[in-house]
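Working notes for the structure below.
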Amino acid sequence: MNFLRLPDILLSVLFEDEDILAIDKPYGFNAHTNDSKIEHSDFIQDGLIEIYEKQWGRKLHIIHRLDQTTTGVMIFGKSVDSAKKYAEYFFNREVKKTYMFVTKKKSEKKSFTINQQIIHKAKELDAETDLAFVKKSANFELWQANPHTGRNHQIRIHAKAAGISILGDTKYNGHNYAFLCLHNCRIEFPNGIVILSKMPAYFEDLTILDDVVLARAYFEADRRQRLFAKADKGQCFRLSHNDSDFTIDQFGETIALTWFKERWTEADAKKFSAFAKTLTKELVVQKVHTETKTTTWIAAEGDLQYEIRGDAGQVSGLVLSQRLQRQWILKNSENKSVLNLFSQTATASLAAALGKASQVTVVETSKKYLEWAKKNFELNKLANESFKFLNRDSLTYLEQCKTKGITFDLIICEAPAFFRRERSVFKIENNLEELIKNCLQCLADKGQILFSTSFDALFIDDIRKTIVKVQKDLRIDKLEINCILPSLDYELPDEKIGLKSFLIGKI
């Protein structure tokens, strides 16, 4: 089994020319692949260079790296020669670097020049940093740092030496906080190239940091927006994945806040409305377990449009964690017969139709979802006799296809944790093997299955073992099994994989 990272239409860069590519590094990512594994799987998180190499399909070279907890400008070279050229700028101290950081310490002085050696790998290295006060709030101060050398943890160590340790940097005597507040906002090269990165909102307005819950929402949104600068054009992605308390999603020009906690106050309404305004979006709040007003709007994902609804405490119409899968379907459906099981609002079917599938069959038990799916097709001006919408039980339909010898080139199976059938209950932990077996028996030669589930009790390797067992039972000579890595708005270093998605192909 391989781990497959699919390209993302939203992933973007700050600056690019023939020599270098500069990204807006988000918080929490290593420069290179780290050694941590997701529990119960062989998954290893990609470092940023591996992510961008796969996205751009070319070898890159790190010229200027940032710590895992530092945000802002990070530089890759496109060739060995360009990497060497720009590395020499840094080595010769010809690059002007400007960092910003927040501290909870109070300082009577407004500027420092710190000359203090830094010990790294048993060597004493010269290091110099200029520090300058920028502004303050009642509890925090914002400072600028201009390092003249490039030593490991230099700004963090020198901020401590000046008595203004960085907020969240407990390693160097900073106040404990949910995250570390250090940002690389500007790099100027001697050849005239200047690369800028916008400061996080809580650097601009230090009072945001007074409310840790609100600051965490800004922080989560900030690290996703750095990855997805293109998403400002009305696209859809997750902003905050704090699913024990709330989630925040961008659906086009609307910010959808889904609130899981029991209590919702006027203070909550005020602060999250302010949060939405900083993103120049409209806020829709859905409180789970509470009746809320139905809201409907249109959002885009690439060239496709979807009707989104806020209803009964939830926002639905587009499963954001399946974005990469829909993009793959769009690019791999041409002239194929496509079956979409458990389709809900048929967003995957819509991608297949736009991708010029020869036939699309939508299977869904809910009449409400099926009508919604048809509306999405109409919204995208997709009308064709080869598009079928069937109000059926997906498992029953598979059995019928087996009996009649009907096969499909691509089967999209978005399996729920459970659903009630006419005479039984489907539970994925009990019926996974049967479901995969039926899908494979309805798959044409050289066909592919895109299988996904978000059931928490099933781990990646559980599904892989089931696929291999079914392969042996059906005596299929060769299957290509790829586990699709989650999109980066869901796969972040401190979050487990919720969606398990597999691409299974008959060879």
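Numbering starts fresh at 1 for the residues of each chain in the structure tokens, the chains themselves are lettered A, B, ... in the order given, and ligands are numbered from 1 as they appear.
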
Residues flagged strand (DSSP E or B) by DSSP in segment 372-431 of chain A, as a PyMOL selection string: chain A and resi 387-390+408-414+418-420+425-427

Segment 298-300 of chain A surroundings by only C-alpha atoms, 10 Å radius, close-in-sequence under 2 positions cut, as a list in words: Lys233, Gly234, Gln235, Cys236, Gln250, Phe251, Gly252, Glu253, Thr254, Thr296, Gly302, Asp303, Leu304, Gln305, Tyr306, Glu307, Ile308, Arg309, Gly317, Leu318, Asn376 and Leu379 of chain A

Selected residue, from A:Leu440, A:Leu180, A:Ala274, A:Leu488, that lies nearest to Ser240 of chain A when counting only C-alpha atoms: A:Leu488

In segment 228-441 of chain A, DSSP alpha helix (DSSP H) residues written as a ChimeraX atom specification: /A:266-278,323-331,347-354,367-379,394-404,428-441

Shell of 9 Å around segment 145-149 of chain A, only C-alpha atoms, local chain residues under 4 positions omitted, as a PyMOL selection string: chain A and resi 90-91+93-101+126-132+154-155+159

Keeping N, CA, C and O atoms for every residue in the selection just given, could you write it to a file as a PDB file, in the first residue's frame?
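Final file, result-v9.pdb:
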```
ATOM      1  N   PHE A  90      22.748  34.373   2.041  1.00  0.00           N
ATOM      2  CA  PHE A  90      22.562  34.211   3.486  1.00  0.00           C
ATOM      3  C   PHE A  90      23.901  34.037   4.191  1.00  0.00           C
ATOM      4  O   PHE A  90      24.148  34.660   5.230  1.00  0.00           O
ATOM      5  N   PHE A  91      24.776  33.199   3.621  1.00  0.00           N
ATOM      6  CA  PHE A  91      26.067  32.927   4.249  1.00  0.00           C
ATOM      7  C   PHE A  91      26.907  34.206   4.370  1.00  0.00           C
ATOM      8  O   PHE A  91      27.590  34.424   5.377  1.00  0.00           O
ATOM      9  N   ARG A  93      25.750  37.148   4.701  1.00  0.00           N
ATOM     10  CA  ARG A  93      24.977  38.123   5.492  1.00  0.00           C
ATOM     11  C   ARG A  93      24.531  39.323   4.666  1.00  0.00           C
ATOM     12  O   ARG A  93      24.557  40.474   5.110  1.00  0.00           O
ATOM     13  N   GLU A  94      24.117  39.036   3.444  1.00  0.00           N
ATOM     14  CA  GLU A  94      23.634  40.083   2.533  1.00  0.00           C
ATOM     15  C   GLU A  94      22.099  40.164   2.496  1.00  0.00           C
ATOM     16  O   GLU A  94      21.558  40.978   1.758  1.00  0.00           O
ATOM     17  N   VAL A  95      21.452  39.318   3.259  1.00  0.00           N
ATOM     18  CA  VAL A  95      19.983  39.266   3.259  1.00  0.00           C
ATOM     19  C   VAL A  95      19.451  40.029   4.470  1.00  0.00           C
ATOM     20  O   VAL A  95      19.897  39.810   5.605  1.00  0.00           O
ATOM     21  N   LYS A  96      18.489  40.931   4.247  1.00  0.00           N
ATOM     22  CA  LYS A  96      17.842  41.664   5.342  1.00  0.00           C
ATOM     23  C   LYS A  96      16.578  40.919   5.745  1.00  0.00           C
ATOM     24  O   LYS A  96      15.668  40.747   4.942  1.00  0.00           O
ATOM     25  N   LYS A  97      16.553  40.464   7.004  1.00  0.00           N
ATOM     26  CA  LYS A  97      15.439  39.659   7.511  1.00  0.00           C
ATOM     27  C   LYS A  97      14.707  40.436   8.608  1.00  0.00           C
ATOM     28  O   LYS A  97      15.356  40.987   9.505  1.00  0.00           O
ATOM     29  N   THR A  98      13.388  40.449   8.505  1.00  0.00           N
ATOM     30  CA  THR A  98      12.576  41.148   9.503  1.00  0.00           C
ATOM     31  C   THR A  98      11.553  40.188  10.085  1.00  0.00           C
ATOM     32  O   THR A  98      10.728  39.638   9.357  1.00  0.00           O
ATOM     33  N   TYR A  99      11.652  39.985  11.386  1.00  0.00           N
ATOM     34  CA  TYR A  99      10.715  39.142  12.126  1.00  0.00           C
ATOM     35  C   TYR A  99       9.898  40.009  13.081  1.00  0.00           C
ATOM     36  O   TYR A  99      10.359  41.069  13.516  1.00  0.00           O
ATOM     37  N   MET A 100       8.693  39.524  13.408  1.00  0.00           N
ATOM     38  CA  MET A 100       7.883  40.163  14.445  1.00  0.00           C
ATOM     39  C   MET A 100       7.558  39.107  15.496  1.00  0.00           C
ATOM     40  O   MET A 100       7.370  37.932  15.163  1.00  0.00           O
ATOM     41  N   PHE A 101       7.505  39.549  16.758  1.00  0.00           N
ATOM     42  CA  PHE A 101       7.090  38.604  17.808  1.00  0.00           C
ATOM     43  C   PHE A 101       6.323  39.336  18.902  1.00  0.00           C
ATOM     44  O   PHE A 101       6.417  40.556  19.062  1.00  0.00           O
ATOM     45  N   ASP A 126      29.036  33.051  16.809  1.00  0.00           N
ATOM     46  CA  ASP A 126      28.691  34.460  16.977  1.00  0.00           C
ATOM     47  C   ASP A 126      27.273  34.709  16.480  1.00  0.00           C
ATOM     48  O   ASP A 126      26.839  34.135  15.473  1.00  0.00           O
ATOM     49  N   ALA A 127      26.539  35.567  17.176  1.00  0.00           N
ATOM     50  CA  ALA A 127      25.156  35.874  16.794  1.00  0.00           C
ATOM     51  C   ALA A 127      24.802  37.289  17.235  1.00  0.00           C
ATOM     52  O   ALA A 127      25.153  37.710  18.339  1.00  0.00           O
ATOM     53  N   GLU A 128      24.130  38.020  16.351  1.00  0.00           N
ATOM     54  CA  GLU A 128      23.742  39.408  16.651  1.00  0.00           C
ATOM     55  C   GLU A 128      22.329  39.676  16.150  1.00  0.00           C
ATOM     56  O   GLU A 128      21.979  39.308  15.022  1.00  0.00           O
ATOM     57  N   THR A 129      21.519  40.328  16.992  1.00  0.00           N
ATOM     58  CA  THR A 129      20.137  40.659  16.644  1.00  0.00           C
ATOM     59  C   THR A 129      19.774  42.041  17.161  1.00  0.00           C
ATOM     60  O   THR A 129      20.075  42.371  18.327  1.00  0.00           O
ATOM     61  N   ASP A 130      19.135  42.848  16.307  1.00  0.00           N
ATOM     62  CA  ASP A 130      18.553  44.118  16.738  1.00  0.00           C
ATOM     63  C   ASP A 130      17.088  43.885  17.082  1.00  0.00           C
ATOM     64  O   ASP A 130      16.345  43.255  16.315  1.00  0.00           O
ATOM     65  N   LEU A 131      16.649  44.401  18.231  1.00  0.00           N
ATOM     66  CA  LEU A 131      15.264  44.284  18.681  1.00  0.00           C
ATOM     67  C   LEU A 131      14.685  45.669  18.888  1.00  0.00           C
ATOM     68  O   LEU A 131      15.335  46.529  19.495  1.00  0.00           O
ATOM     69  N   ALA A 132      13.461  45.905  18.374  1.00  0.00           N
ATOM     70  CA  ALA A 132      12.850  47.234  18.478  1.00  0.00           C
ATOM     71  C   ALA A 132      11.379  47.108  18.857  1.00  0.00           C
ATOM     72  O   ALA A 132      10.639  46.313  18.256  1.00  0.00           O
ATOM     73  N   GLN A 154      17.954  31.702  17.151  1.00  0.00           N
ATOM     74  CA  GLN A 154      18.635  32.948  17.505  1.00  0.00           C
ATOM     75  C   GLN A 154      17.699  33.991  18.105  1.00  0.00           C
ATOM     76  O   GLN A 154      17.990  34.573  19.157  1.00  0.00           O
ATOM     77  N   ILE A 155      16.583  34.267  17.441  1.00  0.00           N
ATOM     78  CA  ILE A 155      15.678  35.323  17.929  1.00  0.00           C
ATOM     79  C   ILE A 155      15.086  34.931  19.275  1.00  0.00           C
ATOM     80  O   ILE A 155      14.961  35.773  20.186  1.00  0.00           O
ATOM     81  N   ALA A 159      15.774  37.209  22.450  1.00  0.00           N
ATOM     82  CA  ALA A 159      14.625  37.833  23.112  1.00  0.00           C
ATOM     83  C   ALA A 159      14.666  37.536  24.608  1.00  0.00           C
ATOM     84  O   ALA A 159      14.385  38.405  25.438  1.00  0.00           O
TER      85      ALA A 159
END
```

Which residue of A:Thr295, A:Thr365, A:Asn184, A:Ser386 approaches Ser349 of chain A most closely, using only C-alpha atoms: A:Ser386

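For the pair atom CA of Leu206 of chain A and atom CA of Asp268 of chain A, the separation is 18.4 Å.
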
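As for atom CA of Lys367 of chain A and atom CA of Arg326 of chain A, they are spaced 22.6 Å apart.
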
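Comparing A:Thr207, A:Asn92, A:Gln68, A:Asn340 by their smallest distance to Lys135 of chain A, the closest is A:Thr207 (using only C-alpha atoms).
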
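The space separating atom CA of Leu214 of chain A from atom CA of Gly163 of chain A comes to 27.3 Å.
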
Within 12 Å of Lys469 of chain A using only C-alpha atoms, minus same-chain residues under 4 positions, as a VMD selection string: chain A and resid 432 to 434 436 to 437 462 to 465 473 to 476 479
